[in-house]
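Engineer: The structure file target_36.tsv (TSV, C-alpha atoms) is provided below.
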```
chain	number	residue	atom	x	y	z
A	1	MET	CA	105.91	108.40	113.77
A	2	GLY	CA	107.87	106.25	116.19
A	3	ARG	CA	108.38	102.48	116.19
A	4	VAL	CA	105.19	101.32	114.49
A	5	ALA	CA	104.76	97.88	112.90
A	6	ILE	CA	103.26	98.19	109.42
A	7	ASN	CA	101.29	95.02	108.67
A	8	GLU	CA	99.43	93.90	105.54
A	9	ASN	CA	96.07	95.30	106.68
A	10	SER	CA	96.88	97.23	109.84
A	11	ALA	CA	99.49	99.08	111.89
A	12	THR	CA	100.46	98.26	115.47
A	13	PHE	CA	101.55	100.80	118.08
A	14	TYR	CA	103.66	99.58	121.00
A	15	TRP	CA	105.59	102.50	122.49
A	16	PRO	CA	104.26	105.69	124.12
A	17	GLY	CA	104.26	108.71	121.84
A	18	THR	CA	103.84	106.74	118.62
A	19	SER	CA	101.39	108.39	116.26
A	20	ALA	CA	99.66	108.37	112.88
A	21	THR	CA	98.53	111.49	111.04
A	22	ILE	CA	96.26	111.91	108.02
A	23	ASN	CA	95.42	114.94	105.87
A	24	PHE	CA	91.89	114.90	104.43
A	25	THR	CA	88.71	116.69	103.51
A	26	GLY	CA	85.44	115.47	104.99
A	27	LYS	CA	82.88	116.05	107.73
A	28	ASN	CA	83.68	113.27	110.18
A	29	VAL	CA	86.26	110.57	110.96
A	30	LYS	CA	85.96	107.15	112.56
A	31	VAL	CA	88.75	104.73	113.41
A	32	THR	CA	88.73	100.96	113.85
A	33	MET	CA	91.12	99.66	116.53
A	34	LYS	CA	91.78	96.87	119.00
A	35	SER	CA	94.26	96.41	121.86
A	36	PHE	CA	96.10	93.45	123.31
A	37	ARG	CA	97.59	92.93	126.81
A	38	GLU	CA	95.73	95.88	128.35
A	39	LYS	CA	93.71	98.92	127.31
A	40	GLY	CA	95.49	101.62	125.34
A	41	TYR	CA	94.75	105.34	125.51
A	42	PHE	CA	95.00	107.81	122.66
A	43	TYR	CA	94.37	111.41	121.70
A	44	ALA	CA	92.69	112.31	118.43
A	45	ILE	CA	93.95	115.81	117.62
A	46	VAL	CA	92.27	117.71	114.79
A	47	ASP	CA	94.08	120.57	113.03
A	48	ASN	CA	96.85	120.56	115.67
A	49	ASP	CA	94.46	121.85	118.36
A	50	ALA	CA	95.56	119.74	121.33
A	51	ALA	CA	93.41	121.82	123.70
A	52	LYS	CA	90.38	120.17	122.09
A	53	ALA	CA	91.90	116.69	121.80
A	54	PHE	CA	89.47	113.79	122.04
A	55	LYS	CA	90.76	111.14	124.42
A	56	PHE	CA	89.61	107.57	123.87
A	57	GLU	CA	90.46	104.03	124.90
A	58	THR	CA	90.93	100.85	122.92
A	59	ASP	CA	90.37	97.40	124.38
A	60	SER	CA	90.30	93.73	123.42
A	61	VAL	CA	87.20	94.17	121.23
A	62	LYS	CA	87.79	95.32	117.66
A	63	LYS	CA	85.46	98.29	117.24
A	64	GLU	CA	84.75	101.49	115.37
A	65	ILE	CA	85.19	104.72	117.34
A	66	ASN	CA	83.83	108.15	116.36
A	67	LEU	CA	86.71	110.63	116.58
A	68	VAL	CA	85.28	113.87	115.22
A	69	GLU	CA	82.04	115.10	113.62
A	70	ASN	CA	80.64	118.21	111.91
A	71	LEU	CA	83.93	119.51	110.57
A	72	SER	CA	83.96	122.62	108.40
A	73	GLU	CA	84.52	122.46	104.66
A	74	GLY	CA	88.12	122.32	103.53
A	75	LYS	CA	91.29	120.50	104.43
A	76	HIS	CA	91.97	119.08	107.88
A	77	THR	CA	94.58	117.00	109.69
A	78	LEU	CA	93.98	114.34	112.31
A	79	GLN	CA	96.68	112.86	114.51
A	80	LEU	CA	96.29	109.70	116.59
A	81	TYR	CA	98.77	109.88	119.49
A	82	LYS	CA	99.44	107.07	121.97
A	83	LEU	CA	99.34	108.40	125.54
A	84	SER	CA	99.86	105.22	127.53
A	85	ASN	CA	102.62	102.78	128.46
A	86	ASN	CA	104.28	100.19	126.22
A	87	THR	CA	102.36	97.45	128.06
A	88	SER	CA	99.54	97.59	125.49
A	89	ALA	CA	99.81	96.70	121.80
A	90	ASN	CA	97.27	98.72	119.80
A	91	VAL	CA	96.19	97.72	116.30
A	92	LEU	CA	94.91	100.37	113.88
A	93	TYR	CA	92.87	98.81	111.06
A	94	GLY	CA	91.91	102.04	109.31
A	95	PHE	CA	90.09	105.35	109.20
A	96	GLU	CA	86.68	106.04	107.70
A	97	ILE	CA	86.08	109.59	106.50
A	98	GLY	CA	82.50	110.79	105.96
A	99	GLY	CA	81.01	113.58	103.87
A	100	LYS	CA	82.75	114.82	100.74
A	101	ALA	CA	85.72	112.73	101.68
A	102	LYS	CA	89.15	112.73	100.15
A	103	LEU	CA	92.50	111.64	101.55
A	104	GLN	CA	95.12	114.29	100.86
A	105	LYS	CA	98.83	113.84	100.34
A	106	PRO	CA	100.56	113.22	103.70
A	107	SER	CA	102.75	115.94	105.16
A	108	GLN	CA	106.48	115.33	105.21
A	109	LEU	CA	107.83	114.42	108.62
A	110	PRO	CA	110.19	116.98	110.17
A	111	LYS	CA	113.87	116.68	109.32
A	112	ARG	CA	115.07	116.92	112.91
A	113	LYS	CA	114.88	113.72	114.93
A	114	ILE	CA	115.13	112.98	118.65
A	115	GLU	CA	115.07	109.61	120.39
A	116	PHE	CA	114.37	109.11	124.09
A	117	TYR	CA	115.13	106.12	126.33
A	118	GLY	CA	113.53	106.15	129.74
A	119	ASN	CA	111.22	104.89	132.44
A	120	SER	CA	107.92	106.09	133.93
A	121	ILE	CA	108.98	109.75	133.79
A	122	THR	CA	109.68	109.50	130.07
A	123	ALA	CA	106.59	107.41	129.36
A	124	GLY	CA	104.29	109.94	131.02
A	125	HIS	CA	103.23	107.85	134.04
A	126	GLY	CA	100.93	109.82	136.32
A	127	VAL	CA	100.93	113.03	134.28
A	128	ASP	CA	97.14	113.28	134.63
A	129	VAL	CA	96.98	112.35	138.33
A	130	GLN	CA	95.07	115.14	140.06
A	131	PRO	CA	95.78	116.34	143.63
A	132	GLY	CA	94.46	113.81	146.12
A	133	MET	CA	94.35	110.97	143.61
A	134	LYS	CA	96.41	107.82	144.09
A	135	ASP	CA	99.42	107.61	141.75
A	136	ALA	CA	99.04	103.89	141.12
A	137	GLY	CA	100.01	103.61	137.47
A	138	GLN	CA	96.56	103.30	135.92
A	139	PRO	CA	96.86	103.29	132.10
A	140	GLU	CA	94.29	106.09	131.79
A	141	LEU	CA	96.47	108.44	133.86
A	142	PHE	CA	99.50	108.18	131.58
A	143	ASN	CA	99.77	111.12	129.19
A	144	ASN	CA	102.88	111.06	127.06
A	145	TYR	CA	101.68	114.04	125.03
A	146	TYR	CA	102.46	116.28	128.01
A	147	SER	CA	105.72	114.55	128.99
A	148	TYR	CA	109.01	116.42	128.69
A	149	THR	CA	109.83	114.22	125.69
A	150	ALA	CA	106.89	115.26	123.55
A	151	ILE	CA	107.04	118.89	124.67
A	152	THR	CA	110.73	119.08	123.70
A	153	ALA	CA	110.16	117.44	120.32
A	154	ARG	CA	107.29	119.81	119.47
A	155	HIS	CA	109.36	122.81	120.51
A	156	PHE	CA	112.06	121.89	118.00
A	157	ASN	CA	109.57	120.69	115.35
A	158	ALA	CA	111.33	117.34	115.50
A	159	GLN	CA	110.25	113.77	115.02
A	160	SER	CA	110.35	111.77	118.22
A	161	SER	CA	110.88	108.12	119.03
A	162	ILE	CA	110.13	107.33	122.68
A	163	ILE	CA	111.43	104.01	123.99
A	164	ALA	CA	110.12	103.98	127.54
A	165	ARG	CA	108.40	101.77	130.07
A	166	SER	CA	107.30	102.57	133.58
A	167	GLY	CA	109.47	100.70	136.09
A	168	ILE	CA	112.38	99.84	133.79
A	169	GLY	CA	116.04	100.13	134.68
A	170	ILE	CA	119.47	99.50	133.23
A	171	MET	CA	120.61	96.88	135.75
A	172	LEU	CA	117.26	95.72	137.10
A	173	SER	CA	113.58	96.62	136.85
A	174	TRP	CA	110.37	95.96	138.78
A	175	PHE	CA	109.77	93.16	136.24
A	176	PRO	CA	112.11	90.78	134.37
A	177	GLU	CA	113.08	92.95	131.37
A	178	ILE	CA	115.76	95.65	131.55
A	179	MET	CA	116.40	98.39	129.00
A	180	PRO	CA	119.58	96.85	127.48
A	181	GLU	CA	117.43	93.81	126.63
A	182	VAL	CA	114.52	95.66	124.98
A	183	TYR	CA	115.94	98.89	123.54
A	184	ASP	CA	116.43	97.26	120.13
A	185	ARG	CA	112.94	95.74	119.83
A	186	LEU	CA	109.96	96.77	117.76
A	187	ASP	CA	107.61	94.87	120.06
A	188	PRO	CA	108.95	95.28	123.61
A	189	PHE	CA	107.55	91.88	124.62
A	190	ASP	CA	108.86	89.87	121.67
A	191	SER	CA	112.61	89.38	121.42
A	192	SER	CA	112.23	88.05	117.86
A	193	LYS	CA	110.77	91.35	116.60
A	194	LYS	CA	113.85	93.54	116.32
A	195	TRP	CA	113.79	97.19	115.31
A	196	ASP	CA	115.61	98.19	112.14
A	197	PHE	CA	117.77	101.10	113.31
A	198	ALA	CA	118.37	102.12	109.69
A	199	LYS	CA	114.76	103.38	109.58
A	200	TYR	CA	115.38	106.20	112.05
A	201	THR	CA	118.66	107.98	112.76
A	202	PRO	CA	118.25	110.67	115.44
A	203	ASP	CA	120.26	113.85	115.69
A	204	VAL	CA	119.86	113.79	119.47
A	205	VAL	CA	119.41	110.89	121.90
A	206	VAL	CA	118.22	111.54	125.47
A	207	ILE	CA	118.65	108.79	128.08
A	208	ASN	CA	116.84	109.22	131.40
A	209	LEU	CA	117.39	105.99	133.33
A	210	PHE	CA	118.61	104.85	136.78
A	211	GLN	CA	115.62	106.02	138.87
A	212	ASN	CA	114.34	102.46	139.27
A	213	ASP	CA	117.85	101.04	139.72
A	214	SER	CA	118.38	103.49	142.58
A	215	TRP	CA	115.44	101.98	144.46
A	216	LEU	CA	115.82	98.33	143.61
A	217	ILE	CA	119.50	97.82	144.49
A	218	ASN	CA	118.46	98.51	148.08
A	219	ARG	CA	115.75	95.81	148.03
A	220	PRO	CA	117.54	92.46	148.29
A	221	GLU	CA	114.17	90.83	149.07
A	222	HIS	CA	112.78	91.74	145.63
A	223	GLN	CA	112.71	88.84	143.17
A	224	GLU	CA	114.41	90.88	140.44
A	225	PHE	CA	117.27	91.73	142.79
A	226	LYS	CA	117.64	88.02	143.52
A	227	HIS	CA	117.37	87.19	139.82
A	228	ARG	CA	120.10	89.66	138.78
A	229	PHE	CA	122.41	89.71	141.81
A	230	GLY	CA	121.58	86.85	144.13
A	231	THR	CA	122.32	88.16	147.61
A	232	THR	CA	125.13	90.63	146.86
A	233	LYS	CA	124.45	94.29	146.10
A	234	PRO	CA	126.25	95.52	142.96
A	235	SER	CA	129.41	97.56	143.49
A	236	GLU	CA	129.77	101.18	142.41
A	237	ASP	CA	132.14	100.05	139.67
A	238	PHE	CA	129.50	97.65	138.37
A	239	ILE	CA	126.86	100.40	138.41
A	240	ILE	CA	129.10	102.77	136.44
A	241	LYS	CA	130.10	100.07	133.96
A	242	SER	CA	126.46	99.05	133.39
A	243	TYR	CA	125.54	102.61	132.47
A	244	ARG	CA	128.64	103.07	130.31
A	245	ASP	CA	127.92	99.81	128.47
A	246	PHE	CA	124.37	100.89	127.65
A	247	VAL	CA	125.49	104.28	126.34
A	248	THR	CA	128.16	102.50	124.29
A	249	SER	CA	125.47	100.35	122.69
A	250	ILE	CA	123.50	103.48	121.73
A	251	ARG	CA	126.63	105.12	120.35
A	252	ALA	CA	127.26	102.03	118.19
A	253	LYS	CA	123.82	102.48	116.62
A	254	TYR	CA	124.19	106.24	116.11
A	255	PRO	CA	127.85	107.21	115.60
A	256	LYS	CA	127.12	110.90	114.90
A	257	ALA	CA	124.31	111.71	117.34
A	258	TYR	CA	124.52	114.00	120.33
A	259	ILE	CA	123.78	111.84	123.38
A	260	ILE	CA	122.39	113.52	126.48
A	261	CYS	CA	122.61	111.40	129.63
A	262	ALA	CA	119.90	112.81	131.86
A	263	LEU	CA	118.50	111.91	135.26
A	264	GLY	CA	115.51	113.18	137.25
A	265	ASN	CA	113.25	114.72	138.36
A	266	MET	CA	112.41	112.15	141.03
A	267	ASP	CA	114.46	111.28	144.10
A	268	ALA	CA	117.50	109.87	142.26
A	269	THR	CA	118.52	113.54	141.95
A	270	GLU	CA	117.68	114.66	145.48
A	271	ALA	CA	120.42	116.31	147.51
A	272	GLY	CA	123.15	113.84	148.45
A	273	SER	CA	122.22	111.23	145.84
A	274	LYS	CA	125.18	109.37	144.33
A	275	TRP	CA	123.38	108.54	141.09
A	276	PRO	CA	124.20	111.70	139.12
A	277	GLY	CA	127.85	111.06	140.02
A	278	TYR	CA	127.69	107.51	138.68
A	279	ILE	CA	126.45	108.88	135.36
A	280	GLU	CA	129.15	111.57	135.30
A	281	GLN	CA	131.84	108.94	135.88
A	282	ALA	CA	130.41	106.69	133.17
A	283	VAL	CA	130.34	109.56	130.67
A	284	ALA	CA	133.85	110.72	131.60
A	285	GLY	CA	135.12	107.20	130.93
A	286	LEU	CA	133.71	107.27	127.40
A	287	LYS	CA	135.85	110.28	126.39
A	288	ASP	CA	133.31	111.34	123.75
A	289	GLY	CA	132.82	115.06	123.14
A	290	LYS	CA	129.25	114.60	121.92
A	291	ILE	CA	128.02	112.84	125.06
A	292	HIS	CA	126.74	115.21	127.75
A	293	THR	CA	124.93	115.11	131.10
A	294	VAL	CA	121.82	116.97	132.27
A	295	PHE	CA	120.29	116.48	135.73
A	296	PHE	CA	116.74	117.61	136.46
A	297	PRO	CA	116.42	118.74	140.10
A	298	TYR	CA	114.30	116.65	142.45
A	299	LYS	CA	110.80	118.07	142.39
A	300	GLY	CA	110.43	117.69	146.15
A	301	ARG	CA	107.44	115.36	146.29
A	302	PRO	CA	107.21	111.58	145.97
A	303	ASN	CA	104.71	111.14	143.12
A	304	HIS	CA	105.46	111.06	139.41
A	305	PRO	CA	105.78	114.44	137.67
A	306	ASN	CA	102.58	116.20	136.67
A	307	ARG	CA	102.16	118.43	133.63
A	308	LYS	CA	103.75	121.46	135.28
A	309	GLU	CA	106.78	119.46	136.45
A	310	GLN	CA	107.15	117.80	133.05
A	311	GLN	CA	107.10	121.26	131.46
A	312	MET	CA	109.91	122.37	133.80
A	313	MET	CA	112.01	119.41	132.68
A	314	ALA	CA	111.30	120.22	129.04
A	315	ASP	CA	112.29	123.85	129.56
A	316	GLU	CA	115.64	122.80	131.02
A	317	LEU	CA	116.29	120.25	128.27
A	318	ILE	CA	115.36	122.76	125.57
A	319	ARG	CA	117.80	125.30	127.02
A	320	PHE	CA	120.55	122.70	127.03
A	321	ILE	CA	119.89	121.59	123.46
A	322	ASP	CA	119.79	125.20	122.26
A	323	LYS	CA	123.18	125.77	123.87
A	324	THR	CA	124.85	122.51	122.86
A	325	VAL	CA	123.38	120.96	119.72
A	326	LYS	CA	124.16	122.24	116.25
A	327	TRP	CA	121.42	121.08	113.90
```
Would you mind writing the structure in this file as C-alpha cells?

Structural biologist:
Amino acid sequence: MGRVAINENSATFYWPGTSATINFTGKNVKVTMKSFREKGYFYAIVDNDAAKAFKFETDSVKKEINLVENLSEGKHTLQLYKLSNNTSANVLYGFEIGGKAKLQKPSQLPKRKIEFYGNSITAGHGVDVQPGMKDAGQPELFNNYYSYTAITARHFNAQSSIIARSGIGIMLSWFPEIMPEVYDRLDPFDSSKKWDFAKYTPDVVVINLFQNDSWLINRPEHQEFKHRFGTTKPSEDFIIKSYRDFVTSIRAKYPKAYIICALGNMDATEAGSKWPGYIEQAVAGLKDGKIHTVFFPYKGRPNHPNRKEQQMMADELIRFIDKTVKW
C-alpha cells in the first residue's frame, strides 16, 4: 500500500506509511531487507494487533530479521509498516515463513482511498519523543503509524498514500526540494522516477503544507531563501498564488476527488497568523465546490505533535470528512 516500487526480485519503500501485508499459516516469520541513504524504521504487526507491534530498523547491510516466533496454529496476517521519513529507501527482498508454512491469498485492499501531502506533521516527525527528550528529528522517533494520517485512514477503513517529508514547503523548504517538484515522484530523490497516478485515484486528498514556508520566508539569511527569492521576501499575492497553483496541479490529477486544504497544528495556526487566511484566499480563487479548508488549532507548545496531539488532529479531520464527504 502506498507508492512502492515493485522490482524484479524486491520491493522498495520510499514514503512514510507505505506497507506490505501477507496472509499465511506458519510458526515464525523472517524478513530480508536493506536501506539506503539512512536507516529506516518499521513496525511488524501480527493479526492487526498494533499494541504488540515489533519495531525494527534496517540499515545499509542486507540482513535477515526475525519478526515473530511461536505463533499459534492457523491463519495469520503480518503487516510491515514504514514509520520513518522519506529520506531512507528501504528494500524488501522477501519473507521466510517457518513451520507448516503456506502463503494464503492476499486480502483485497479497501475500496476507499485517501492521499495526504504534507511535511513533518504528516510524516510523523517526533511522534515518539518523550517529555524531556530533544525533538531533533532522529529517524527512530518518527512514527507515522500514530500520525493523524494513518489514524484517519484506519478509522475509515481506507487505503492511504502519504507523500510527506519533514521540512518541506510549497515555496521553499529547509533543503533544495519543494513539494511541487517532488509530489509526482515514486522516488522522492530521483526526478526520473515518476509516479503513475493511474495506479491510485483517491476519493479524498488532504494537503497540510505551509508550516515550513511560514518560518523560512522570514529568514533571508537561509540559503534556500536566497536560492528561491534572492533578497526580496515574496509578496502575499505570490504566497496565495503558489498555494493555488499546487492545489490546481492536484486537481488536474484527480478531477473528482474531495480536496481538503488543511493547516496545523503547529504555530502557523497560532492566534494572529496570516497563513490560514492565505489558504482561504487561494481556495476561494479556485471556485471549486469540492475543495475545502480545515485548520487544526495551534497545540500551544513548540515541539512536533505527539501521539495525543496527532489523535486530536485525526478526530477533527474525521468529523469534517463525516460531515462533508459522500463516499

Engineer: Find the residue from A:Pro139, A:Gly26, A:Gly169, A:Gly124 that sits nearest to Gly99 of chain A; use all atoms listed in the file when measuring.

Structural biologist: A:Gly26

Engineer: Measuring atom to atom with all atoms listed in the file, identify which of A:Lys326, A:Lys63, A:Lys199, A:Lys75 is nearest to Asn23 of chain A.

Structural biologist: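 Of A:Lys326, A:Lys63, A:Lys199, A:Lys75, the one nearest Asn23 of chain A, counting all atoms listed in the file, is A:Lys75.
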
Engineer: I'd like to know which of A:Ile207, A:Glu316, A:Phe142, A:Trp215 is closest to Leu263 of chain A, using only C-alpha atoms.

Structural biologist: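 Of A:Ile207, A:Glu316, A:Phe142, A:Trp215, the one nearest Leu263 of chain A is A:Ile207, counting only C-alpha atoms.
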
Engineer: Grab the atom CA of Lys34 of chain A to atom CA of Phe56 of chain A distance for me, in Å with one decimal place.

Structural biologist: 12.0 Å

Engineer: Name all residues at most 8 Å from Asn28 of chain A (count only C-alpha atoms; drop same-chain ones fewer than 6 positions away) and give them as a VMD selection string.

Structural biologist: chain A and resid 67 to 71 97 to 99

Engineer: Could the residues of segment 229-300 of chain A that have an atom at most 10 Å from segment 184-198 of chain A be listed as a Markdown table, each with its closest atom pair and the distance in Å to one decimal, counting only C-alpha atoms and ordered by chain and ascending residue number?

Structural biologist:
```
| residue | atom | partner | partner_atom | distance |
| --- | --- | --- | --- | --- |
| A:Ser249 | CA | A:Asp184 | CA | 9.9 |
| A:Ile250 | CA | A:Asp184 | CA | 9.6 |
| A:Lys253 | CA | A:Phe197 | CA | 7.0 |
| A:Tyr254 | CA | A:Phe197 | CA | 8.7 |
```

Engineer: Have a look at atom CA of Asp322 of chain A and atom CA of Asp203 of chain A and let me know their distance in Å, one decimal.

Structural biologist: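 Distance between the two atoms: 13.1 Å.
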
Engineer: Set the distance at 12 Å and use only C-alpha atoms: which residues neighbour Gly126 of chain A once local chain neighbours fewer than 6 positions away are removed? I'd like the list as a PyMOL selection string.

Structural biologist: chain A and resi 83-85+120+133-144+146-147+166+302-307+309-310

Engineer: Please, could you write that set of residues out with C-alpha atoms as an mmCIF file, keeping the file's coordinate frame?

Structural biologist:
```
data_model
loop_
_atom_site.group_PDB
_atom_site.id
_atom_site.type_symbol
_atom_site.label_atom_id
_atom_site.label_comp_id
_atom_site.auth_asym_id
_atom_site.auth_seq_id
_atom_site.Cartn_x
_atom_site.Cartn_y
_atom_site.Cartn_z
ATOM 1 C CA LEU A 83 99.340 108.400 125.540
ATOM 2 C CA SER A 84 99.860 105.220 127.530
ATOM 3 C CA ASN A 85 102.620 102.780 128.460
ATOM 4 C CA SER A 120 107.920 106.090 133.930
ATOM 5 C CA MET A 133 94.350 110.970 143.610
ATOM 6 C CA LYS A 134 96.410 107.820 144.090
ATOM 7 C CA ASP A 135 99.420 107.610 141.750
ATOM 8 C CA ALA A 136 99.040 103.890 141.120
ATOM 9 C CA GLY A 137 100.010 103.610 137.470
ATOM 10 C CA GLN A 138 96.560 103.300 135.920
ATOM 11 C CA PRO A 139 96.860 103.290 132.100
ATOM 12 C CA GLU A 140 94.290 106.090 131.790
ATOM 13 C CA LEU A 141 96.470 108.440 133.860
ATOM 14 C CA PHE A 142 99.500 108.180 131.580
ATOM 15 C CA ASN A 143 99.770 111.120 129.190
ATOM 16 C CA ASN A 144 102.880 111.060 127.060
ATOM 17 C CA TYR A 146 102.460 116.280 128.010
ATOM 18 C CA SER A 147 105.720 114.550 128.990
ATOM 19 C CA SER A 166 107.300 102.570 133.580
ATOM 20 C CA PRO A 302 107.210 111.580 145.970
ATOM 21 C CA ASN A 303 104.710 111.140 143.120
ATOM 22 C CA HIS A 304 105.460 111.060 139.410
ATOM 23 C CA PRO A 305 105.780 114.440 137.670
ATOM 24 C CA ASN A 306 102.580 116.200 136.670
ATOM 25 C CA ARG A 307 102.160 118.430 133.630
ATOM 26 C CA GLU A 309 106.780 119.460 136.450
ATOM 27 C CA GLN A 310 107.150 117.800 133.050
#
```

Engineer: Find the residue from A:Asn48, A:Asn208, A:Ser60, A:Thr201 that sits nearest to Asn119 of chain A; use all atoms listed in the file when measuring.

Structural biologist: A:Asn208

Engineer: Using all atoms listed in the file, what residues lie at most 10 Å away from (112.8, 104.5, 136.3) (file coordinates), given as a ChimeraX atom specification?

Structural biologist: /A:118-123,164-170,172-174,208-215,263-264,266,268

Engineer: Can you tell me how far atom CA of Arg251 of chain A sits from atom CA of Ile6 of chain A, in Å to one decimal?

Structural biologist: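 These atoms are spaced 26.7 Å apart.
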
Engineer: Using only C-alpha atoms, determine which residues lie at most 6 Å from segment 290-293 of chain A, disregarding the query and same-chain residues fewer than 5 positions distant; provide the list as a list in words.

Structural biologist: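 After dropping sequence-adjacent residues, the list is Tyr258, Ile259, Ile260, Cys261 and Ala262 of chain A.
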
Engineer: Counting only C-alpha atoms, write as a PDB file with C-alpha atoms, keeping the file's coordinate frame all protein and nucleic acid residues lying at most 12 Å from (94.8, 92.8, 128.0) in the file's frame.

Structural biologist:
```pdb
ATOM      1  CA  LYS A  34      91.780  96.870 119.000  1.00  0.00           C
ATOM      2  CA  SER A  35      94.260  96.410 121.860  1.00  0.00           C
ATOM      3  CA  PHE A  36      96.100  93.450 123.310  1.00  0.00           C
ATOM      4  CA  ARG A  37      97.590  92.930 126.810  1.00  0.00           C
ATOM      5  CA  GLU A  38      95.730  95.880 128.350  1.00  0.00           C
ATOM      6  CA  LYS A  39      93.710  98.920 127.310  1.00  0.00           C
ATOM      7  CA  GLY A  40      95.490 101.620 125.340  1.00  0.00           C
ATOM      8  CA  THR A  58      90.930 100.850 122.920  1.00  0.00           C
ATOM      9  CA  ASP A  59      90.370  97.400 124.380  1.00  0.00           C
ATOM     10  CA  SER A  60      90.300  93.730 123.420  1.00  0.00           C
ATOM     11  CA  VAL A  61      87.200  94.170 121.230  1.00  0.00           C
ATOM     12  CA  THR A  87     102.360  97.450 128.060  1.00  0.00           C
ATOM     13  CA  SER A  88      99.540  97.590 125.490  1.00  0.00           C
ATOM     14  CA  ALA A  89      99.810  96.700 121.800  1.00  0.00           C
ATOM     15  CA  ASN A  90      97.270  98.720 119.800  1.00  0.00           C
ATOM     16  CA  PRO A 139      96.860 103.290 132.100  1.00  0.00           C
TER      17      PRO A 139
END
```

Engineer: Restricting the calculation to all atoms listed in the file: of A:Val283, A:Ala158, A:Leu317, A:Ala257, which residue gets closest to Val204 of chain A?

Structural biologist: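 Checking each candidate against Val204 of chain A, we get A:Ala257 as the closest.
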
Engineer: For Lys226 of chain A, please output as JSON, numbers by chain all residues within 12 Å (counting only C-alpha atoms; exclusion window: fewer than 2 positions along the same chain).

Structural biologist: {"A": [172, 173, 174, 175, 176, 216, 217, 218, 219, 220, 221, 222, 223, 224, 228, 229, 230, 231, 232, 233, 234]}

Engineer: Let me make sure I understand: among A:Lys100, A:Ile318, A:Val294, A:Ile162, which one has the smallest atom-to-atom distance to Thr25 of chain A if we use all atoms listed in the file?

Structural biologist: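 Closest to Thr25 of chain A of all the choices is A:Lys100.
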
Engineer: Would you pick out the contacts of Val205 of chain A at 6 Å or less, using all atoms listed in the file, so that residues sharing its chain but fewer than 4 positions from it are not included, and give the list as a VMD selection string?

Structural biologist: chain A and resid 114 to 116 259

Engineer: Find the axis-aligned box for segment 38-54 of chain A, covering all its listed atoms and adding 6 Å on each side, and write its centre and edge lengths in Å to one decimal as JSON.

Structural biologist:
```
{"center_x": 93.2, "center_y": 108.9, "center_z": 120.7, "size_x": 19.4, "size_y": 38.0, "size_z": 27.3}
```
